[in-house]
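Working notes, structure below.
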Amino acid sequence: MTSVSAAFGRSSPRTSRLAARLPLHRLGLTVLALLASYALALAVRTPTAIIAAALATLLFLSAAVLLRRIAGVTGPRPVPRWYSPSALFVVAAVFLGRGALDSWSAGAAAGVATLLTIAPGALLAASETPLRQAVRRGQSDGIVLLRTEALDAARTVEALALDGLDTVVSGKVVDQVQPLDESHLRNLRWFAGALAHGLDSSLGRAMAKLSAAGNLTDVTRHPDQGISGSVDRHPTRIGRPAWLGLEPVNSPWEVIGVEVDGRPLGYITVADALRAGAAEQITTLRSSGLDVVLVEVPSPRVDAVAEQAGIVTVLSDVPAGAAVVSPRAPSAPLLLGPAGQDIRVEQAEIVSAAKALELLRSTDRDQRRSIRIALGWHGVAAALAAAGLLACWSAAAVAVLGTGVLWAVARASR
């Protein structure tokens, strides 16, 4: 990142802090051109040129500090590499050409007027404003953009790796209730749901929705087996079918046997519940060309969750180059690119990750479109100034107007 202190050697801590706030990436030569305009204006002793040069510098520094402070995002900006040397070359050519044809005073005035139109106020507004919009849009979804490298990473990423089932599922849900005798369906739901109120787990919470708690007594938990107790004075057990003497059931989900008064009543199948909107977001990501991968040890349960969510690929390890959504990394649950902490999401799950990727990609598109408009604005204004159609004061007005217009255009982008 180019900074003022880098151009002039060592600096004080205060200067370093100020330079860190200035988005001067690839704009170092433009800064030098602004400072060179002072020497140019003083050499020809043109008061208007001196004032105009001061206005150009003030415009540039004010826009840089204000926009960077508002956006609060660090990192380089996609300003074209050719912009700074081209700006310096154009200003020098205008000064020498107009000076040789008319006078050096006229050349200095035209050169400074051209510099005013090239001073990158509009370019900064076009680059920084979409970032501010992204910060504001991400707040409601718990998305925090930290560095601009995330925009490049989101544009180039080809796979999204979901690290573990927790990124896709939000808990448990009763999938099936299978009584051994249809006449026992009501009792099966009542006693199993009532006893499940004494089981503090996602499985227990899912089954507890089958009925009210009832009168529970003598609740005992049996590790790796199940739970027993009395429901309205009826001895009840729920747990592994083999523990209750029931035949095993082939299912990728968790099958719970139910016994009341020493008599088996049937089975309750508890499945993993997908997060709200997970399947839709995965479909959208895949249709946009992004490969969504579930990183988990393969098993029938994992395969069933992947099928529900619309995930085709299940791997044991994270593929190289993929963006990673991981609840195991709370400080940076969404990892993009080599920087690792370019963006954070509040919840490490597929819905937030999909929103974050879409936010980054739309911000990148808006930023690049705004920059193209800004470059066109600077080019037209500089051509008018070089032709002598814009004096220093009118060039300053055009520079201020261009900054405002590009800020409004970038702010209106969604």
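As shown in the structure tokens, the chain order sets the letters A, B, ...; within each chain, residues go from 1, and ligands are also counted from 1 in the order they appear.
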
Please list as a PDB file with C-alpha atoms, in the first residue's frame every residue within 6 Å of region 141-145 of chain A, counting only C-alpha atoms and excluding residues in the same chain fewer than 5 positions away.
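To be explicit, this is the file written out as part-v6.pdb:
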```pdb
ATOM      1  CA  ILE A 343     -14.721 -11.203   6.261  1.00  0.00           C
ATOM      2  CA  ARG A 344     -16.619 -12.533   9.260  1.00  0.00           C
ATOM      3  CA  VAL A 345     -20.161 -13.833   9.637  1.00  0.00           C
ATOM      4  CA  GLU A 346     -22.001 -13.927  12.942  1.00  0.00           C
TER       5      GLU A 346
END
```

(request) Write out as a PyMOL selection string the residues lying within 10 Å of Arg155 (chain A), counting only C-alpha atoms and excluding same-chain residues fewer than 5 positions away. (result) chain A and resi 150+357-358+360-362+364-365

Emit the selected residues as a tab-separated table (two decimals), in the first residue's frame, including C-alpha atoms.
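The resulting file, result-v3.tsv, is reproduced below:
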```tsv
chain	number	residue	atom	x	y	z
A	150	ALA	CA	-12.32	-10.49	0.28
A	357	LEU	CA	-20.67	-14.24	-0.80
A	358	GLU	CA	-23.50	-12.53	-2.64
A	360	LEU	CA	-19.11	-9.45	-1.74
A	361	ARG	CA	-19.78	-10.24	-5.38
A	362	SER	CA	-22.42	-7.52	-5.79
A	364	ASP	CA	-17.30	-5.95	-6.38
A	365	ARG	CA	-19.56	-5.46	-9.43
```

Quick one: contact table of region 275-351 of chain A to region 252-265 of chain A, 8 Å max, nearest atom pair and distance in Å to one decimal per residue, counting only C-alpha atoms, chain and number order, as CSV?
```
residue,atom,partner,partner_atom,distance
A:Pro300,CA,A:Pro252,CA,5.0
A:Arg301,CA,A:Pro252,CA,4.7
A:Ala304,CA,A:Pro252,CA,6.6
```

Serialized selection, N, CA and C atoms, as a CSV table (one decimal), in the first residue's frame:
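That gives us part_34.csv:
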```
chain,number,residue,atom,x,y,z
A,300,PRO,N,-24.2,-42.9,6.5
A,300,PRO,CA,-25.6,-42.8,6.0
A,300,PRO,C,-26.3,-41.5,6.4
A,301,ARG,N,-26.1,-41.1,7.7
A,301,ARG,CA,-26.7,-39.9,8.2
A,301,ARG,C,-26.2,-38.7,7.4
A,304,ALA,N,-27.7,-38.6,4.0
A,304,ALA,CA,-29.1,-38.2,4.0
A,304,ALA,C,-29.2,-36.7,4.1
```

(message) When you count only C-alpha atoms, which of these residues is closest to Val325 (chain A): A:Leu290, A:Ala159, A:Val398, A:Val91?
(response) A:Ala159

(request) Go ahead and compute the interatomic distance for CA of Gly99 (chain A) and CA of Trp393 (chain A), in Å to one decimal. (result)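 Those two atoms sit 19.5 Å apart.
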
Can you pull out the residues contacting region 180-192 of chain A? Cut-off 12 Å, using only C-alpha atoms, and skip same-chain residues under 4 positions away; I want them as a compact mmCIF listing (two decimals) with N, CA and C atoms, in the first residue's frame.
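Okay, this is what ended up in part_30.txt:
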```txt
# COMPACT_ATOMS: atom_id res chain seq x y z
N VAL A 174 -38.92 -34.62 14.52
CA VAL A 174 -39.54 -35.93 14.39
C VAL A 174 -39.94 -36.16 12.95
N GLN A 176 -40.86 -39.53 11.65
CA GLN A 176 -41.90 -40.56 11.55
C GLN A 176 -42.29 -41.06 12.94
N ALA A 196 -39.86 -37.34 27.09
CA ALA A 196 -38.77 -36.61 26.42
C ALA A 196 -38.56 -35.23 27.03
N HIS A 197 -39.54 -34.70 27.75
CA HIS A 197 -39.36 -33.42 28.44
C HIS A 197 -38.26 -33.50 29.49
N GLY A 198 -37.95 -34.71 29.93
CA GLY A 198 -36.87 -34.88 30.90
C GLY A 198 -35.52 -35.11 30.27
N LEU A 199 -35.44 -35.04 28.95
CA LEU A 199 -34.19 -35.27 28.23
C LEU A 199 -33.71 -33.94 27.65
N LEU A 203 -32.39 -34.04 20.58
CA LEU A 203 -33.31 -35.15 20.32
C LEU A 203 -34.51 -35.07 21.27
N GLY A 204 -34.24 -34.81 22.56
CA GLY A 204 -35.32 -34.70 23.52
C GLY A 204 -36.26 -33.54 23.21
N ARG A 205 -35.69 -32.40 22.79
CA ARG A 205 -36.53 -31.25 22.47
C ARG A 205 -37.42 -31.52 21.26
N ALA A 206 -36.90 -32.28 20.29
CA ALA A 206 -37.70 -32.62 19.12
C ALA A 206 -38.86 -33.52 19.49
N MET A 207 -38.61 -34.55 20.31
CA MET A 207 -39.66 -35.49 20.70
C MET A 207 -40.64 -34.85 21.68
N ALA A 208 -40.18 -33.90 22.49
CA ALA A 208 -41.05 -33.27 23.47
C ALA A 208 -42.18 -32.49 22.81
N LYS A 209 -42.02 -32.15 21.53
CA LYS A 209 -43.07 -31.42 20.83
C LYS A 209 -44.28 -32.30 20.51
N LEU A 210 -44.15 -33.63 20.76
CA LEU A 210 -45.26 -34.53 20.47
C LEU A 210 -46.39 -34.41 21.48
N SER A 211 -46.05 -33.95 22.71
CA SER A 211 -47.09 -33.87 23.74
C SER A 211 -46.65 -32.95 24.85
N ALA A 212 -47.56 -32.72 25.80
CA ALA A 212 -47.23 -31.94 27.00
C ALA A 212 -46.38 -32.80 27.94
N ALA A 213 -45.87 -32.19 29.00
CA ALA A 213 -44.94 -32.89 29.89
C ALA A 213 -45.63 -33.96 30.71
N GLY A 214 -46.88 -33.75 31.13
CA GLY A 214 -47.54 -34.72 31.98
C GLY A 214 -46.93 -34.73 33.38
N ASN A 215 -47.25 -35.74 34.16
CA ASN A 215 -46.74 -35.87 35.53
C ASN A 215 -45.55 -36.82 35.52
N LEU A 216 -44.34 -36.27 35.52
CA LEU A 216 -43.10 -37.06 35.43
C LEU A 216 -42.54 -37.33 36.81
N GLY A 226 -30.81 -44.76 26.85
CA GLY A 226 -32.04 -43.99 26.77
C GLY A 226 -32.41 -43.38 28.10
N ILE A 227 -33.69 -43.24 28.35
CA ILE A 227 -34.19 -42.62 29.56
C ILE A 227 -35.44 -43.36 30.01
N SER A 228 -35.62 -43.48 31.34
CA SER A 228 -36.80 -44.14 31.88
C SER A 228 -37.42 -43.25 32.94
N GLY A 229 -38.68 -43.52 33.25
CA GLY A 229 -39.39 -42.75 34.26
C GLY A 229 -40.86 -43.12 34.25
N SER A 230 -41.62 -42.45 35.08
CA SER A 230 -43.06 -42.68 35.15
C SER A 230 -43.80 -41.47 34.59
N VAL A 231 -44.71 -41.72 33.69
CA VAL A 231 -45.55 -40.68 33.11
C VAL A 231 -46.98 -40.96 33.56
N ASP A 232 -47.49 -40.07 34.40
CA ASP A 232 -48.83 -40.29 34.97
C ASP A 232 -48.93 -41.69 35.58
N ARG A 233 -47.83 -42.09 36.33
CA ARG A 233 -47.74 -43.36 37.06
C ARG A 233 -47.59 -44.58 36.14
N HIS A 234 -47.35 -44.36 34.86
CA HIS A 234 -47.10 -45.48 33.94
C HIS A 234 -45.60 -45.58 33.66
N PRO A 235 -44.94 -46.69 34.03
CA PRO A 235 -43.52 -46.84 33.73
C PRO A 235 -43.28 -46.75 32.23
N THR A 236 -42.35 -45.87 31.86
CA THR A 236 -42.09 -45.59 30.43
C THR A 236 -40.59 -45.58 30.18
N ARG A 237 -40.21 -46.13 29.05
CA ARG A 237 -38.81 -46.07 28.63
C ARG A 237 -38.75 -45.67 27.15
N ILE A 238 -37.80 -44.81 26.82
CA ILE A 238 -37.52 -44.47 25.42
C ILE A 238 -36.01 -44.55 25.22
N GLY A 239 -35.60 -45.11 24.08
CA GLY A 239 -34.17 -45.23 23.83
C GLY A 239 -33.88 -46.17 22.68
N LEU A 246 -36.67 -54.42 21.00
CA LEU A 246 -37.32 -54.22 19.70
C LEU A 246 -36.37 -54.58 18.56
N GLU A 247 -36.94 -54.96 17.44
CA GLU A 247 -36.15 -55.25 16.26
C GLU A 247 -35.51 -53.97 15.73
N ILE A 256 -35.82 -44.24 17.70
CA ILE A 256 -36.01 -44.39 19.14
C ILE A 256 -37.18 -45.35 19.40
N GLY A 257 -36.93 -46.33 20.23
CA GLY A 257 -38.00 -47.24 20.63
C GLY A 257 -38.75 -46.69 21.84
N VAL A 258 -40.01 -47.07 21.99
CA VAL A 258 -40.87 -46.59 23.08
C VAL A 258 -41.52 -47.79 23.75
N GLU A 259 -41.44 -47.82 25.09
CA GLU A 259 -42.04 -48.89 25.88
C GLU A 259 -42.86 -48.27 27.01
N VAL A 260 -44.09 -48.73 27.21
CA VAL A 260 -44.97 -48.24 28.27
C VAL A 260 -45.55 -49.44 29.01
N ASP A 261 -45.43 -49.42 30.35
CA ASP A 261 -45.94 -50.51 31.18
C ASP A 261 -45.35 -51.85 30.77
N ARG A 263 -44.53 -52.83 27.88
CA ARG A 263 -44.98 -53.31 26.56
C ARG A 263 -44.48 -52.37 25.47
N PRO A 264 -43.74 -52.86 24.46
CA PRO A 264 -43.29 -52.00 23.36
C PRO A 264 -44.48 -51.45 22.58
N LEU A 265 -44.40 -50.13 22.31
CA LEU A 265 -45.48 -49.49 21.54
C LEU A 265 -45.08 -49.18 20.10
N GLY A 266 -43.79 -49.00 19.83
CA GLY A 266 -43.38 -48.69 18.47
C GLY A 266 -42.10 -47.88 18.41
N TYR A 267 -41.94 -47.16 17.30
CA TYR A 267 -40.71 -46.43 17.01
C TYR A 267 -41.03 -44.96 16.69
N ILE A 268 -40.07 -44.11 17.00
CA ILE A 268 -40.12 -42.70 16.58
C ILE A 268 -38.79 -42.40 15.90
N THR A 269 -38.86 -41.93 14.65
CA THR A 269 -37.66 -41.60 13.89
C THR A 269 -37.41 -40.10 13.97
```

(request) Grab the CA of Ile371 (chain A) to CA of Leu96 (chain A) distance for me, in Å with one decimal place. (result)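 Atom-to-atom, CA of Ile371 (chain A) and CA of Leu96 (chain A) are spaced 29.3 Å apart.
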
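Distance-wise, CA of Ala279 (chain A) and CA of Glu296 (chain A) end up 17.7 Å apart.
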
(message) as number ranges by chain, please: every residue in region 131-246 of chain A that DSSP puts in alpha helix (DSSP H).
(response) A: 131-139, 149-156, 185-196, 202-208

(message) List the spatial neighbours of Ala110 (chain A) as a PyMOL selection string - criterion: any atom at most 7 Å away, only C-alpha atoms, same-chain residues fewer than 6 positions off excluded.
(response) chain A and resi 94-95+385-386+388

(request) For Ala92 (chain A), work out the shell of residues within 10 Å, counting only C-alpha atoms and skipping chain neighbours fewer than 3 positions away, then give it as an NGL selection string. (result) :A and (33 or 37 or 86-89 or 95-97 or 107-108 or 111-112 or 114-115)

Once you have the residues from the selection above, write them out as an mmCIF file, in the first residue's frame, restricted to N, CA and C atoms.
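The resulting out-v3.cif:
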```
data_model
loop_
_atom_site.group_PDB
_atom_site.id
_atom_site.type_symbol
_atom_site.label_atom_id
_atom_site.label_comp_id
_atom_site.auth_asym_id
_atom_site.auth_seq_id
_atom_site.Cartn_x
_atom_site.Cartn_y
_atom_site.Cartn_z
ATOM 1 N N ALA A 33 2.258 14.523 -8.082
ATOM 2 C CA ALA A 33 1.845 15.508 -9.076
ATOM 3 C C ALA A 33 1.150 16.689 -8.411
ATOM 4 N N SER A 37 2.615 20.554 -8.369
ATOM 5 C CA SER A 37 1.888 21.715 -8.891
ATOM 6 C C SER A 37 2.192 22.979 -8.087
ATOM 7 N N SER A 86 -0.231 8.090 -15.948
ATOM 8 C CA SER A 86 -0.919 8.770 -17.050
ATOM 9 C C SER A 86 -1.319 10.183 -16.653
ATOM 10 N N ALA A 87 -1.806 10.328 -15.396
ATOM 11 C CA ALA A 87 -2.191 11.660 -14.921
ATOM 12 C C ALA A 87 -0.997 12.598 -14.915
ATOM 13 N N LEU A 88 0.137 12.121 -14.425
ATOM 14 C CA LEU A 88 1.345 12.950 -14.375
ATOM 15 C C LEU A 88 1.812 13.310 -15.786
ATOM 16 N N PHE A 89 1.759 12.357 -16.700
ATOM 17 C CA PHE A 89 2.186 12.607 -18.077
ATOM 18 C C PHE A 89 1.275 13.639 -18.747
ATOM 19 N N PHE A 95 1.188 21.369 -19.676
ATOM 20 C CA PHE A 95 2.010 22.510 -19.260
ATOM 21 C C PHE A 95 3.033 22.866 -20.345
ATOM 22 N N LEU A 96 3.729 21.857 -20.856
ATOM 23 C CA LEU A 96 4.763 22.132 -21.852
ATOM 24 C C LEU A 96 4.155 22.593 -23.175
ATOM 25 N N GLY A 97 3.063 21.945 -23.596
ATOM 26 C CA GLY A 97 2.446 22.301 -24.872
ATOM 27 C C GLY A 97 1.861 23.704 -24.852
ATOM 28 N N GLY A 107 0.417 28.080 -19.589
ATOM 29 C CA GLY A 107 0.671 26.650 -19.464
ATOM 30 C C GLY A 107 0.487 26.156 -18.050
ATOM 31 N N ALA A 108 0.957 26.974 -17.058
ATOM 32 C CA ALA A 108 0.800 26.586 -15.654
ATOM 33 C C ALA A 108 -0.666 26.554 -15.262
ATOM 34 N N GLY A 111 -2.204 23.569 -16.895
ATOM 35 C CA GLY A 111 -1.724 22.345 -16.253
ATOM 36 C C GLY A 111 -2.387 22.098 -14.906
ATOM 37 N N VAL A 112 -2.505 23.161 -14.097
ATOM 38 C CA VAL A 112 -3.154 23.009 -12.784
ATOM 39 C C VAL A 112 -4.645 22.726 -12.957
ATOM 40 N N THR A 114 -5.995 21.135 -15.423
ATOM 41 C CA THR A 114 -6.067 19.722 -15.803
ATOM 42 C C THR A 114 -5.853 18.822 -14.591
ATOM 43 N N LEU A 115 -4.895 19.207 -13.745
ATOM 44 C CA LEU A 115 -4.619 18.426 -12.541
ATOM 45 C C LEU A 115 -5.834 18.384 -11.624
#
```

(request) Pull the strand (DSSP E) assignments for region 237-405 of chain A out of DSSP run on the backbone, and list those residues as a PyMOL selection string. (result) chain A and resi 237-239+254-260+263-274+291-295+313-315+323-325+334-335+343-345

I need the residues from that last selection saved to file as a tab-separated table (two decimals), in the first residue's frame (with C-alpha atoms), if you can.
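Output file part18.tsv is given in full below:
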```tsv
chain	number	residue	atom	x	y	z
A	237	ARG	CA	-38.81	-46.07	28.63
A	238	ILE	CA	-37.52	-44.47	25.42
A	239	GLY	CA	-34.17	-45.23	23.83
A	254	GLU	CA	-31.94	-41.90	14.75
A	255	VAL	CA	-34.67	-44.42	15.56
A	256	ILE	CA	-36.01	-44.39	19.14
A	257	GLY	CA	-38.00	-47.24	20.63
A	258	VAL	CA	-40.87	-46.59	23.08
A	259	GLU	CA	-42.04	-48.89	25.88
A	260	VAL	CA	-44.97	-48.24	28.27
A	263	ARG	CA	-44.98	-53.31	26.56
A	264	PRO	CA	-43.29	-52.00	23.36
A	265	LEU	CA	-45.48	-49.49	21.54
A	266	GLY	CA	-43.38	-48.69	18.47
A	267	TYR	CA	-40.71	-46.43	17.01
A	268	ILE	CA	-40.12	-42.70	16.58
A	269	THR	CA	-37.66	-41.60	13.89
A	270	VAL	CA	-35.83	-38.32	14.58
A	271	ALA	CA	-34.10	-36.67	11.63
A	272	ASP	CA	-31.75	-33.69	11.27
A	273	ALA	CA	-33.62	-30.46	10.53
A	274	LEU	CA	-32.12	-28.28	7.81
A	291	ASP	CA	-19.50	-26.01	-6.03
A	292	VAL	CA	-20.87	-26.59	-2.51
A	293	VAL	CA	-19.00	-29.29	-0.57
A	294	LEU	CA	-19.90	-30.81	2.81
A	295	VAL	CA	-16.78	-31.65	4.81
A	313	THR	CA	-20.11	-33.74	-2.91
A	314	VAL	CA	-19.16	-35.00	0.56
A	315	LEU	CA	-15.44	-35.00	1.43
A	323	ALA	CA	-13.92	-20.72	0.90
A	324	VAL	CA	-14.54	-22.39	4.26
A	325	VAL	CA	-17.53	-21.99	6.57
A	334	LEU	CA	-16.00	-17.56	6.85
A	335	LEU	CA	-12.48	-17.86	5.46
A	343	ILE	CA	-14.72	-11.20	6.26
A	344	ARG	CA	-16.62	-12.53	9.26
A	345	VAL	CA	-20.16	-13.83	9.64
```
